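Colleague: Input protein_26.txt, format and content: compact mmCIF, C-alpha atoms.
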```txt
# COMPACT_ATOMS: atom_id res chain seq x y z
CA MET A 1 0.00 0.00 0.00
CA GLU A 2 1.29 3.45 -0.85
CA TRP A 3 -0.12 6.93 -1.32
CA ARG A 4 1.15 10.48 -1.56
CA ASP A 5 -0.72 13.46 -0.14
CA GLU A 6 -0.16 16.77 1.56
CA GLY A 7 -1.01 17.26 5.22
CA ILE A 8 -0.74 19.50 8.25
CA ILE A 9 0.96 18.07 11.33
CA LEU A 10 -1.26 17.86 14.41
CA GLY A 11 1.13 16.17 16.83
CA ALA A 12 3.90 13.64 17.30
CA ARG A 13 4.24 11.03 20.00
CA LYS A 14 7.64 9.56 20.89
CA TYR A 15 8.07 5.96 19.81
CA GLY A 16 11.15 4.14 21.04
CA GLU A 17 14.35 6.11 21.23
CA THR A 18 14.58 7.38 17.67
CA SER A 19 11.12 7.38 16.08
CA VAL A 20 7.78 9.15 16.46
CA VAL A 21 4.19 8.32 15.62
CA LEU A 22 3.10 11.33 13.58
CA GLU A 23 -0.49 12.55 13.53
CA THR A 24 -1.50 14.57 10.48
CA MET A 25 -4.61 15.95 8.85
CA THR A 26 -4.31 15.16 5.16
CA ALA A 27 -6.17 16.57 2.20
CA ALA A 28 -7.52 13.29 0.80
CA HIS A 29 -6.98 10.72 3.57
CA GLY A 30 -8.37 12.54 6.60
CA ARG A 31 -6.68 12.38 9.98
CA HIS A 32 -3.92 9.84 9.51
CA LEU A 33 -1.20 8.46 11.73
CA GLY A 34 2.08 6.88 10.70
CA LEU A 35 5.52 6.02 12.02
CA VAL A 36 8.41 8.32 11.15
CA LYS A 37 11.67 6.45 11.58
CA GLY A 38 14.38 8.75 12.90
CA GLY A 39 11.70 11.33 13.73
CA ARG A 40 13.49 12.31 16.94
CA SER A 41 16.68 13.32 15.15
CA ARG A 42 17.88 16.94 15.21
CA ARG A 43 17.18 17.22 11.50
CA MET A 44 13.63 15.90 11.68
CA GLN A 45 12.38 17.47 14.93
CA PRO A 46 11.90 21.02 13.54
CA LEU A 47 9.99 19.55 10.60
CA LEU A 48 7.63 17.43 12.73
CA GLN A 49 6.15 20.31 14.73
CA PRO A 50 2.37 20.91 14.78
CA GLY A 51 1.21 23.46 12.21
CA ASN A 52 3.80 22.57 9.55
CA ARG A 53 2.43 21.71 6.11
CA VAL A 54 4.24 18.72 4.67
CA ASP A 55 4.32 16.37 1.73
CA LEU A 56 3.65 12.82 2.90
CA VAL A 57 4.31 9.43 1.39
CA TRP A 58 2.65 6.66 3.39
CA ARG A 59 3.66 3.03 2.97
CA ALA A 60 2.37 -0.11 4.66
CA ARG A 61 2.08 -3.78 3.77
CA LEU A 62 -1.65 -3.84 4.58
CA GLU A 63 -4.12 -0.96 4.62
CA GLU A 64 -5.04 -1.47 8.29
CA HIS A 65 -1.40 -1.22 9.41
CA LEU A 66 -0.05 1.92 11.05
CA GLY A 67 2.45 2.27 8.21
CA ALA A 68 5.41 4.59 7.87
CA PHE A 69 5.53 8.18 6.65
CA GLN A 70 8.20 9.77 4.55
CA VAL A 71 7.95 13.50 5.27
CA GLU A 72 9.17 16.46 3.23
CA PRO A 73 8.54 20.13 4.14
CA LEU A 74 6.12 22.31 2.16
CA GLU A 75 5.46 25.24 4.52
CA LEU A 76 7.10 25.47 7.94
CA ASN A 77 4.62 27.43 10.05
CA ALA A 78 5.60 26.19 13.52
CA ALA A 79 8.39 28.71 14.21
CA ARG A 80 5.99 31.56 13.38
CA LEU A 81 3.30 30.08 15.63
CA LEU A 82 5.64 29.67 18.63
CA ALA A 83 5.89 33.43 19.12
CA SER A 84 2.15 34.05 19.61
CA ALA A 85 0.01 32.82 22.52
CA VAL A 86 -3.11 32.91 20.32
CA ALA A 87 -1.37 30.83 17.65
CA ILE A 88 0.13 28.30 20.04
CA HIS A 89 -3.20 27.66 21.80
CA GLY A 90 -4.93 27.82 18.42
CA ILE A 91 -2.93 25.01 16.86
CA GLN A 92 -3.48 22.86 19.97
CA LEU A 93 -7.22 23.59 19.77
CA LEU A 94 -7.36 22.71 16.08
CA ALA A 95 -5.61 19.41 16.83
CA ALA A 96 -7.99 18.68 19.72
CA HIS A 97 -10.99 19.44 17.48
CA LEU A 98 -9.72 17.25 14.66
CA ARG A 99 -9.21 14.36 17.08
CA LEU A 100 -13.00 14.27 17.37
CA MET A 101 -13.06 13.02 13.78
CA PRO A 102 -12.52 9.34 13.04
CA GLU A 103 -9.15 8.39 11.61
CA ARG A 104 -8.72 7.94 7.84
CA ASP A 105 -12.02 9.61 7.04
CA ALA A 106 -11.47 12.20 4.29
CA HIS A 107 -12.81 15.72 4.90
CA ALA A 108 -11.38 17.84 2.12
CA GLY A 109 -13.36 20.96 3.11
CA LEU A 110 -12.16 20.76 6.69
CA TYR A 111 -8.57 20.39 5.48
CA GLU A 112 -8.86 23.50 3.31
CA THR A 113 -10.30 25.46 6.25
CA LEU A 114 -7.46 24.17 8.43
CA LYS A 115 -4.92 25.33 5.84
CA VAL A 116 -6.40 28.84 5.76
CA ILE A 117 -6.66 29.17 9.53
CA THR A 118 -3.10 27.87 10.09
CA ALA A 119 -1.81 30.60 7.78
CA HIS A 120 -3.53 33.29 9.92
CA LEU A 121 -3.25 31.88 13.44
CA ASP A 122 -0.73 34.50 14.53
CA GLU A 123 -3.11 37.32 13.55
CA PRO A 124 -5.62 37.35 16.45
CA GLU A 125 -8.16 39.63 14.77
CA ILE A 126 -8.44 37.12 11.90
CA ALA A 127 -7.83 33.93 13.87
CA GLY A 128 -10.74 34.57 16.26
CA PRO A 129 -13.53 34.66 13.63
CA LEU A 130 -11.84 31.94 11.54
CA MET A 131 -11.72 29.53 14.46
CA VAL A 132 -15.48 29.97 15.04
CA ARG A 133 -16.11 29.17 11.40
CA PHE A 134 -13.87 26.13 11.75
CA GLU A 135 -15.90 25.00 14.77
CA LEU A 136 -19.14 25.44 12.79
CA ALA A 137 -17.67 23.45 9.89
CA LEU A 138 -16.54 20.73 12.31
CA LEU A 139 -20.01 20.51 13.90
CA ASP A 140 -21.38 20.14 10.39
CA GLU A 141 -18.91 17.34 9.52
CA LEU A 142 -19.76 15.60 12.80
CA GLY A 143 -23.43 15.62 11.80
CA PHE A 144 -24.57 18.39 14.13
CA GLY A 145 -24.48 21.32 11.71
CA LEU A 146 -26.38 24.48 12.59
CA ASP A 147 -28.79 26.00 10.12
CA LEU A 148 -27.93 29.69 10.21
CA GLY A 149 -29.20 30.51 6.70
CA LYS A 150 -32.86 31.22 7.39
CA CYS A 151 -35.38 31.64 10.19
CA ALA A 152 -36.89 28.39 11.48
CA LEU A 153 -40.22 30.15 12.12
CA THR A 154 -40.69 32.61 9.28
CA GLY A 155 -38.26 31.40 6.61
CA SER A 156 -36.79 34.89 6.38
CA ARG A 157 -33.09 35.28 5.55
CA GLU A 158 -32.87 38.80 6.98
CA GLY A 159 -32.60 39.97 10.58
CA LEU A 160 -31.43 36.66 12.01
CA ALA A 161 -30.49 37.25 15.65
CA TYR A 162 -30.92 34.05 17.64
CA VAL A 163 -30.32 30.30 17.46
CA SER A 164 -32.64 27.75 19.00
CA PRO A 165 -30.68 25.56 21.48
CA LYS A 166 -33.07 22.70 20.70
CA SER A 167 -32.96 22.63 16.90
CA GLY A 168 -29.75 24.55 16.15
CA ARG A 169 -31.70 26.68 13.66
CA ALA A 170 -31.61 30.46 13.33
CA VAL A 171 -34.50 32.70 14.37
CA THR A 172 -35.11 36.34 13.43
CA GLN A 173 -35.02 39.14 15.99
CA GLU A 174 -38.77 39.70 15.59
CA ALA A 175 -39.88 36.08 15.82
CA GLY A 176 -37.46 35.23 18.63
CA THR A 177 -38.18 38.15 20.96
CA PRO A 178 -40.80 36.30 23.10
CA TRP A 179 -38.29 33.49 23.79
CA ARG A 180 -35.11 35.53 23.79
CA ASP A 181 -34.13 34.37 27.31
CA LYS A 182 -34.08 30.79 26.11
CA LEU A 183 -32.41 31.43 22.75
CA LEU A 184 -28.70 31.78 22.04
CA PRO A 185 -27.56 35.08 20.49
CA LEU A 186 -26.44 34.76 16.87
CA PRO A 187 -23.71 37.27 15.98
CA ALA A 188 -24.27 38.98 12.63
CA PHE A 189 -20.81 38.08 11.27
CA LEU A 190 -21.77 34.40 11.22
CA THR A 191 -24.60 34.98 8.78
CA THR A 192 -22.40 36.85 6.29
CA ARG A 193 -19.02 36.14 4.75
CA ASN A 194 -17.65 39.40 6.07
CA THR A 195 -15.52 38.88 9.19
CA ALA A 196 -14.14 42.40 9.23
CA GLU A 197 -15.16 44.56 12.19
CA THR A 198 -16.09 41.61 14.37
CA THR A 199 -16.63 43.02 17.83
CA ARG A 200 -15.36 41.37 21.01
CA GLU A 201 -18.96 40.81 22.20
CA ALA A 202 -19.96 39.21 18.89
CA LEU A 203 -16.97 36.89 19.10
CA ASP A 204 -17.83 35.92 22.69
CA ASP A 205 -21.41 35.18 21.60
CA ALA A 206 -20.12 33.09 18.69
CA TYR A 207 -17.86 30.98 20.93
CA ARG A 208 -20.68 30.57 23.45
CA LEU A 209 -22.90 29.34 20.60
CA THR A 210 -20.45 26.76 19.24
CA GLY A 211 -19.36 25.81 22.76
CA PHE A 212 -22.97 25.04 23.70
CA PHE A 213 -23.49 22.67 20.76
CA PHE A 214 -20.07 21.04 21.16
CA HIS A 215 -20.83 20.40 24.81
CA ARG A 216 -24.34 19.07 24.22
CA ASN A 217 -23.81 17.06 21.04
CA VAL A 218 -20.18 15.99 21.22
CA TYR A 219 -18.45 16.23 24.60
CA GLU A 220 -21.29 15.14 26.89
CA PRO A 221 -22.39 12.07 24.87
CA ARG A 222 -18.75 10.98 24.59
CA GLY A 223 -18.07 11.61 28.28
CA MET A 224 -15.43 14.20 27.43
CA GLU A 225 -14.51 17.58 28.83
CA GLU A 226 -13.94 20.65 26.70
CA PRO A 227 -10.22 20.65 25.73
CA ASP A 228 -7.99 22.92 27.86
CA ALA A 229 -6.71 24.43 24.62
CA ARG A 230 -10.12 26.06 23.98
CA GLY A 231 -10.00 27.95 27.27
CA GLY A 232 -6.37 28.87 26.59
CA PHE A 233 -7.20 30.10 23.08
CA LEU A 234 -10.13 32.22 24.26
CA MET A 235 -8.06 33.69 27.10
CA ALA A 236 -5.21 34.49 24.70
CA LEU A 237 -7.69 36.14 22.31
CA ALA A 238 -9.12 38.25 25.14
CA ARG A 239 -5.60 39.30 26.29
CA SER A 240 -4.67 40.19 22.73
CA ALA A 241 -7.83 42.31 22.35
CA GLU A 242 -7.04 44.07 25.65
CA ARG A 243 -3.51 44.84 24.50
CA ALA A 244 -4.83 46.16 21.16
CA ALA A 245 -7.31 48.40 22.99
CA ASP A 246 -4.58 49.88 25.27
CA MET B 247 10.89 -19.40 21.18
CA SER B 248 14.56 -18.39 21.61
CA LYS B 249 16.78 -20.61 23.72
CA SER B 250 18.21 -19.25 26.94
CA ILE B 251 21.98 -18.81 26.66
CA ALA B 252 22.74 -18.27 30.35
CA GLY B 253 21.30 -18.82 33.80
CA PRO B 254 18.09 -17.03 34.87
CA GLU B 255 20.02 -14.49 36.98
CA ILE B 256 22.12 -13.40 34.00
CA GLU B 257 19.07 -13.41 31.71
CA ARG B 258 17.29 -11.14 34.18
CA LEU B 259 20.30 -8.82 34.30
CA ILE B 260 20.31 -8.62 30.49
CA GLN B 261 16.55 -7.98 30.41
CA LEU B 262 16.84 -5.13 32.91
CA LEU B 263 19.87 -3.59 31.20
CA ALA B 264 17.98 -3.67 27.90
CA ARG B 265 15.41 -1.30 29.43
CA VAL B 266 18.03 1.40 30.02
CA PRO B 267 17.80 4.21 27.41
CA GLY B 268 20.43 3.76 24.73
CA LEU B 269 20.68 0.00 25.22
CA GLY B 270 18.90 -2.66 23.24
CA PRO B 271 18.92 -6.44 23.83
CA ARG B 272 22.20 -6.89 21.96
CA SER B 273 24.07 -4.06 23.68
CA ALA B 274 22.59 -5.15 27.02
CA ARG B 275 24.15 -8.59 26.47
CA ARG B 276 27.50 -6.94 25.75
CA ALA B 277 27.21 -4.76 28.86
CA ALA B 278 26.24 -7.74 31.04
CA LEU B 279 29.14 -9.77 29.71
CA HIS B 280 31.52 -6.87 30.32
CA LEU B 281 30.27 -6.50 33.91
CA ILE B 282 30.71 -10.21 34.54
CA LYS B 283 34.22 -10.17 33.13
CA LYS B 284 35.17 -7.11 35.24
CA LYS B 285 33.45 -8.41 38.35
CA ASP B 286 35.76 -6.85 40.94
CA GLN B 287 36.80 -3.70 39.09
CA LEU B 288 33.33 -2.72 37.81
CA PHE B 289 30.43 -5.01 38.70
CA ALA B 290 30.82 -4.86 42.49
CA PRO B 291 31.46 -1.09 42.72
CA LEU B 292 28.63 -0.41 40.29
CA THR B 293 26.23 -2.55 42.34
CA ALA B 294 27.29 -0.74 45.51
CA ALA B 295 26.97 2.67 43.85
CA MET B 296 23.51 1.84 42.52
CA SER B 297 22.36 0.53 45.88
CA ASP B 298 23.74 3.61 47.62
CA ALA B 299 22.08 5.95 45.11
CA LEU B 300 18.78 4.07 45.43
CA ASP B 301 18.84 4.61 49.20
CA LYS B 302 19.88 8.24 49.14
CA VAL B 303 18.34 9.83 46.03
CA ARG B 304 15.61 12.36 46.80
CA ILE B 305 13.47 14.64 44.69
CA CYS B 306 13.92 18.20 45.95
CA SER B 307 10.62 19.36 47.42
CA THR B 308 11.42 22.97 46.42
CA CYS B 309 12.53 22.72 42.80
CA GLY B 310 12.02 19.09 41.70
CA ASN B 311 15.73 18.47 41.11
CA VAL B 312 17.30 15.09 41.82
CA ASP B 313 19.83 15.04 44.66
CA THR B 314 20.76 13.16 47.81
CA HIS B 315 19.52 16.03 50.00
CA ASP B 316 16.15 17.71 50.28
CA PRO B 317 16.26 20.71 49.65
CA CYS B 318 18.90 20.05 47.00
CA THR B 319 22.42 21.47 46.82
CA ILE B 320 21.34 24.14 44.32
CA CYS B 321 18.42 25.36 46.45
CA THR B 322 20.59 25.61 49.57
CA ASP B 323 23.59 27.23 47.89
CA PRO B 324 23.77 30.79 49.34
CA ARG B 325 25.99 32.01 46.46
CA ARG B 326 23.18 31.55 43.94
CA ASP B 327 20.89 34.38 42.91
CA GLY B 328 17.55 33.50 44.47
CA SER B 329 15.72 36.28 42.65
CA THR B 330 15.97 34.45 39.31
CA ILE B 331 14.36 31.07 38.66
CA ILE B 332 15.15 29.14 35.50
CA VAL B 333 12.21 26.91 34.60
CA VAL B 334 13.16 23.67 32.83
CA GLU B 335 11.21 20.66 31.59
CA ASP B 336 13.42 17.95 32.99
CA VAL B 337 16.42 17.33 35.26
CA SER B 338 18.52 16.62 32.14
CA ASP B 339 17.85 20.23 31.00
CA LEU B 340 18.94 21.52 34.42
CA TRP B 341 22.17 19.52 34.11
CA ALA B 342 22.71 20.89 30.57
CA LEU B 343 22.32 24.49 31.81
CA GLU B 344 24.61 23.81 34.77
CA ARG B 345 27.24 22.44 32.38
CA ALA B 346 26.97 25.69 30.43
CA GLY B 347 27.53 27.58 33.70
CA ALA B 348 26.17 30.77 32.18
CA MET B 349 24.02 31.77 35.17
CA SER B 350 24.17 31.15 38.87
CA ALA B 351 20.43 31.15 39.45
CA ARG B 352 17.98 28.73 41.04
CA TYR B 353 15.90 26.27 39.04
CA HIS B 354 12.44 24.77 38.86
CA VAL B 355 11.88 21.40 37.18
CA LEU B 356 8.40 20.99 35.68
CA GLY B 357 8.67 17.27 35.01
CA GLY B 358 7.51 17.49 31.39
CA THR B 359 5.40 19.68 29.13
CA LEU B 360 1.69 20.06 28.52
CA SER B 361 0.79 17.45 25.94
CA PRO B 362 -2.84 16.76 25.06
CA LEU B 363 -1.73 13.86 22.84
CA ASP B 364 -0.09 12.11 25.81
CA GLY B 365 -2.80 13.24 28.26
CA VAL B 366 -0.44 15.49 30.24
CA GLY B 367 -2.36 18.40 31.75
CA PRO B 368 -1.34 21.24 34.10
CA GLY B 369 -2.13 19.06 37.14
CA ASP B 370 0.49 16.52 36.05
CA LEU B 371 3.30 19.09 36.08
CA ASN B 372 5.03 20.91 38.93
CA ILE B 373 3.44 24.26 37.97
CA ALA B 374 1.56 24.85 41.23
CA GLY B 375 4.88 24.54 43.08
CA LEU B 376 6.41 27.18 40.82
CA VAL B 377 3.49 29.58 41.34
CA SER B 378 3.72 29.17 45.12
CA ARG B 379 7.49 29.85 45.00
CA VAL B 380 6.79 33.06 43.11
CA CYS B 381 3.99 33.99 45.55
CA GLU B 382 6.36 33.58 48.50
CA GLY B 383 8.23 36.62 47.18
CA GLY B 384 11.86 37.39 46.51
CA VAL B 385 11.64 36.34 42.85
CA SER B 386 12.08 39.09 40.25
CA GLU B 387 12.59 37.05 37.05
CA LEU B 388 11.38 33.75 35.63
CA ILE B 389 13.42 32.43 32.72
CA LEU B 390 11.36 29.90 30.77
CA ALA B 391 14.05 27.56 29.44
CA VAL B 392 11.65 25.12 27.82
CA ASN B 393 12.17 23.43 24.47
CA ALA B 394 11.41 25.39 21.29
CA THR B 395 8.61 23.01 20.40
CA VAL B 396 4.88 23.66 20.22
CA GLU B 397 4.38 21.68 23.44
CA GLY B 398 7.24 23.49 25.20
CA GLN B 399 5.95 26.90 24.18
CA THR B 400 2.35 25.99 25.12
CA THR B 401 3.67 25.23 28.60
CA ALA B 402 5.58 28.53 28.61
CA HIS B 403 2.44 30.49 27.68
CA TYR B 404 0.44 28.62 30.33
CA ILE B 405 3.00 29.52 33.02
CA THR B 406 3.02 33.13 31.83
CA ASP B 407 -0.77 33.21 32.27
CA GLN B 408 -0.48 31.73 35.76
CA VAL B 409 1.96 34.39 36.96
CA ALA B 410 0.29 37.27 35.11
CA GLY B 411 -0.42 40.12 37.49
CA MET B 412 2.50 39.26 39.77
CA GLU B 413 5.32 41.79 39.77
CA ILE B 414 7.90 39.63 38.00
CA LYS B 415 9.65 39.68 34.65
CA VAL B 416 9.05 36.59 32.49
CA THR B 417 11.64 35.87 29.79
CA ARG B 418 12.35 32.99 27.44
CA LEU B 419 15.43 31.65 25.70
CA ALA B 420 16.25 33.08 22.26
CA HIS B 421 15.51 30.96 19.18
CA GLY B 422 18.06 31.06 16.40
CA VAL B 423 21.33 29.93 14.87
CA PRO B 424 23.32 27.45 17.02
CA VAL B 425 27.06 28.05 17.51
CA GLY B 426 28.84 26.20 14.70
CA GLY B 427 25.62 26.00 12.70
CA GLU B 428 25.63 26.69 8.98
CA LEU B 429 22.74 28.75 7.64
CA ASP B 430 22.41 26.50 4.62
CA TYR B 431 21.46 23.56 6.83
CA LEU B 432 18.97 25.39 9.06
CA ASP B 433 15.23 24.99 8.61
CA GLU B 434 13.27 28.02 7.39
CA GLY B 435 11.45 28.42 10.71
CA THR B 436 14.65 28.72 12.73
CA LEU B 437 16.09 31.12 10.18
CA SER B 438 13.07 33.42 10.28
CA ALA B 439 13.05 33.31 14.12
CA ALA B 440 16.76 34.19 14.12
CA LEU B 441 16.17 37.10 11.75
CA LYS B 442 13.28 38.41 13.84
CA SER B 443 15.35 38.39 17.04
CA ARG B 444 18.53 39.83 15.46
CA THR B 445 20.68 42.07 17.64
CA SER B 446 22.92 45.08 16.94
CA PHE B 447 26.52 44.21 16.12
```
Any chance you could give the structure as C-alpha cells?
Modeller:
Amino acid sequence: MEWRDEGIILGARKYGETSVVLETMTAAHGRHLGLVKGGRSRRMQPLLQPGNRVDLVWRARLEEHLGAFQVEPLELNAARLLASAVAIHGIQLLAAHLRLMPERDAHAGLYETLKVITAHLDEPEIAGPLMVRFELALLDELGFGLDLGKCALTGSREGLAYVSPKSGRAVTQEAGTPWRDKLLPLPAFLTTRNTAETTREALDDAYRLTGFFFHRNVYEPRGMEEPDARGGFLMALARSAERAAD
Amino acid sequence: MSKSIAGPEIERLIQLLARVPGLGPRSARRAALHLIKKKDQLFAPLTAAMSDALDKVRICSTCGNVDTHDPCTICTDPRRDGSTIIVVEDVSDLWALERAGAMSARYHVLGGTLSPLDGVGPGDLNIAGLVSRVCEGGVSELILAVNATVEGQTTAHYITDQVAGMEIKVTRLAHGVPVGGELDYLDEGTLSAALKSRTSF
C-alpha cells in the first residue's frame, strides 16, 4: 500500500528512542497516523512540529497497518506560531478538534479550512472569527451542523439574531423576541461572509454558541470535557484584544 | 521461542539492562558480559553505587531536582541568585544548563510539558509549586528555558498566564542559529526566528 498526499501536522508522540508516531490531517486521507523512523533526530524534529504543512508518502504492507511516513517540508509554520500565545493555543485547539473526527475519514473541506486558519493563526483579529467558522464546519462534519441561513419560524433570511438551542436553527429578531431568554444570540458576522469589524462581544457570543453545541452534542455524549486548549485560546484572544485596545 | 543462553540471573540482568535508554537487547548482552568479566573492578562497585544511590536519592521538594539532600544542593547554595528562577522541563535540562555555567540562578523542574496527545495536563506538572514559589516573594525574574517546540511553548504560555499580574519579569530563551551552525542547513522556521530576534553588532 502506498499513497502520496499533503497534510498538516497535528502532533507527534515519541516511539522508542529514535522514532515518532506522527499525527497529520491530510487533504484526501483525513486524519492519519504513521511512524516516522528517525523522527526524533535533530534534522527531523523542527519539521515534525504541529502546524507545519508537509508532503507525505505513506507506505504499509496492509491498509489497516499503522504504516510509515516519509515526510518532506512544504510550509514550515511552527516557528511563526511559537511566538504568539493565540497561535500556540490555536494550533493545539485545532488538533484537539480534529481528534474528534474518526481516523482515515477524508474531509477535504475541513482540510482547506485548516490550511487557511493555520496561515492566519498569529493574527488574532483574523484567527478569532476563523476559528469559530472552523468550529461550525466541524459541527457540520460531525453531523450536528447548525442552520444559520434562514429563520426556522418565518423562513426569512434577513434579521437573524438568535439560534434555538433545541434545533440549532436560526430565528429572526422579531420572531425570537418572546423566547429571547431561552435562545442563544447569533452574531451577525456568522450569517455573512464578512468577518471584518467583528466586535469582542460578537466573538464571545459566537464561541458561546459553538461551545454550547459542542458540549451538548459531542463532549457530553462521549463523556469528554472541553479541551484545555479552547479555554487557553479564548483567554489568549481576550488578552490580545485588551492589548490592542490599550 | 529463543533458547536461553545463560542462567536465569544473568538473563534477568540482560533484560533489565535492555530497558536502560540507549541500550537494546544486543548491547545489554554486551554490557552484562563486560560487567561479569570485570566483576571486581566494575560489577561490584557499580552494584554498591547503585544501591547507595537508590537509598539516598531524593526529589527536591522545592525545585524538583534530583539530589541526595532535600532541599537540594542548588536550592541551599547561598551564592546563587535567588531572585531568578530558570524553569526547565526535565532534570537533564537543568544539568545541561549547569554544564553551560552561564548563570548562577535557582531552578524549577516541571517534570515534562503540557501534551494533550499524551494526556499530560497542568495538574500533572510541577506548575503549582512554581506559582507558590513566586507567591512567596523574593523572585524578580522567571526564565522559561523550555524546548522550542509547540508543546514546550504551550507550557511557557500557560505559566506566563499563571503568573500574570505578579510583579515579575518573564523571559524565554532566544531561538536562532546554534554556535557552529551553517545557515544553509537550518530549517526556514529557525532562520526566520533568528532574523526576527537579530541584535545590533
Colleague: So how far away is atom CA of A:Gly67 from atom CA of A:Arg13, in Å?
Modeller: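 Those two atoms sit 14.8 Å apart.
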Colleague: What lies within 12 Å of stretch 207-212 of chain A using only C-alpha atoms, ignoring chain neighbours under 5 positions off, as a ChimeraX atom specification?
Modeller: /A:97,128-140,144-146,148,162-166,168-170,183-187,190,200-202,217-220,225-227,230-231,233-235,237
Colleague: With 7 Å as the threshold, what does the neighbourhood of (12.6, 29.8, 40.1) contain in terms of residues, counting only C-alpha atoms? Coordinates are those of the file; answer as a ChimeraX atom specification.
Modeller: /B:330-333,352-354,376,388
Colleague: Would you mind exporting C-alpha atoms of the selected residues as a short mmCIF file (atom, residue, chain, number, x, y, z; two decimals), in the coordinates of the input?
Modeller:
```
data_model
loop_
_atom_site.label_atom_id
_atom_site.label_comp_id
_atom_site.auth_asym_id
_atom_site.auth_seq_id
_atom_site.Cartn_x
_atom_site.Cartn_y
_atom_site.Cartn_z
CA THR B 330 15.97 34.45 39.31
CA ILE B 331 14.36 31.07 38.66
CA ILE B 332 15.15 29.14 35.50
CA VAL B 333 12.21 26.91 34.60
CA ARG B 352 17.98 28.73 41.04
CA TYR B 353 15.90 26.27 39.04
CA HIS B 354 12.44 24.77 38.86
CA LEU B 376 6.41 27.18 40.82
CA LEU B 388 11.38 33.75 35.63
#
```
Colleague: Which of these, A:Ala79, A:Ala238, A:Cys151, A:Ile117, has the shortest distance to B:Leu437 once you count all atoms listed in the file?
Modeller: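 Among the listed residues, the smallest separation from B:Leu437 belongs to A:Ala79.
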Colleague: Rounded to one decimal in Å, what is the spacing between atom CA of A:Ala68 and atom CA of A:Met25?
Modeller: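 Going from atom CA of A:Ala68 over to atom CA of A:Met25 covers 15.2 Å.
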Colleague: Taking a cut-off of 8 Å and counting only C-alpha atoms, can you build a table that, for each residue of chain B near chain A, reports the nearest atom pair and how far apart they are in Å (one decimal), sorted by chain then residue number, as a Markdown table?
Modeller:
```
| residue | atom | partner | partner_atom | distance |
| --- | --- | --- | --- | --- |
| B:Pro267 | CA | A:Glu17 | CA | 7.3 |
| B:Gly268 | CA | A:Glu17 | CA | 7.4 |
| B:Pro362 | CA | A:Ala96 | CA | 7.7 |
| B:Leu363 | CA | A:Gly11 | CA | 7.0 |
| B:Asp364 | CA | A:Arg13 | CA | 7.3 |
| B:Ala394 | CA | A:Leu82 | CA | 7.7 |
| B:Thr395 | CA | A:Gln49 | CA | 6.7 |
| B:Val396 | CA | A:Leu82 | CA | 6.3 |
| B:Gln399 | CA | A:Leu82 | CA | 6.2 |
| B:Thr400 | CA | A:Ile88 | CA | 6.0 |
| B:His403 | CA | A:Ala85 | CA | 6.2 |
| B:Tyr404 | CA | A:Gly232 | CA | 7.8 |
| B:Asp433 | CA | A:Pro46 | CA | 7.2 |
| B:Glu434 | CA | A:Leu76 | CA | 6.7 |
| B:Gly435 | CA | A:Ala79 | CA | 4.7 |
| B:Thr436 | CA | A:Ala79 | CA | 6.4 |
| B:Ser438 | CA | A:Ala79 | CA | 7.7 |
| B:Ala439 | CA | A:Ala79 | CA | 6.5 |
```
Colleague: Given all atoms listed in the file as the basis, pick out the residue of A:His29, A:Arg243, A:Arg40, A:Arg53 nearest to A:Tyr15.
Modeller: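 When distances to A:Tyr15 are compared using all atoms listed in the file, the smallest one comes from A:Arg40.
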Colleague: With only C-alpha atoms as the atoms that count, which of A:Ser156, A:Thr191, A:Asp122, A:Lys182 lies nearest to A:Ser240?
Modeller: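 Nearest to A:Ser240: A:Asp122.
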Colleague: What gap, in Å, lies between atom CA of A:Val171 and atom CA of A:Ala152?
Modeller: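 So the answer is 5.7 Å.
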Colleague: For a quick check of understanding, using all atoms listed in the file, which of B:Val423, B:Cys321, B:Ala294, B:Cys309 has the smallest distance to B:Ala374?
Modeller: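 Checking each of B:Val423, B:Cys321, B:Ala294, B:Cys309 against B:Ala374, counting all atoms listed in the file, the winner is B:Cys309.
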Colleague: Show which residues sit within 8 Å of B:Val312, as a list in words. Count all atoms listed in the file, and ignore same-chain residues fewer than 6 positions away.
Modeller: Val303, Arg304, Ile305, Cys306, Cys318 and Val337 of chain B
Colleague: What box, with edges along x, y and z, holds each listed atom of stretch 231-244 of chain A when 5 Å is added on every side, and can you state its centre and edge lengths in Å to one decimal, as AutoDock Vina command-line options?
Modeller:
```
--center_x -6.8 --center_y 37.1 --center_z 24.2 --size_x 16.6 --size_y 28.2 --size_z 16.1
```
Colleague: Can you tell me, as an MDAnalysis selection string, what residues are no more than 12 Å from stretch 269-276 of chain B when counting all atoms listed in the file, ignoring any on the same chain fewer than 2 positions away?
Modeller: (chainID A and resid 16:17) or (chainID B and resid 251:252 256:267 278:283)
Colleague: Rank nothing, just name the residue among A:Glu242, A:Arg42, A:Arg61, A:Gly223 nearest to B:Leu432, using only C-alpha atoms.
Modeller: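 Of all the options, A:Arg42 lies closest to B:Leu432.
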Colleague: So, with all atoms listed in the file as the atoms that count, which of B:Gly365, B:Gly426, B:Pro324, B:Gly375 lies closest to B:Ser350?
Modeller: B:Pro324
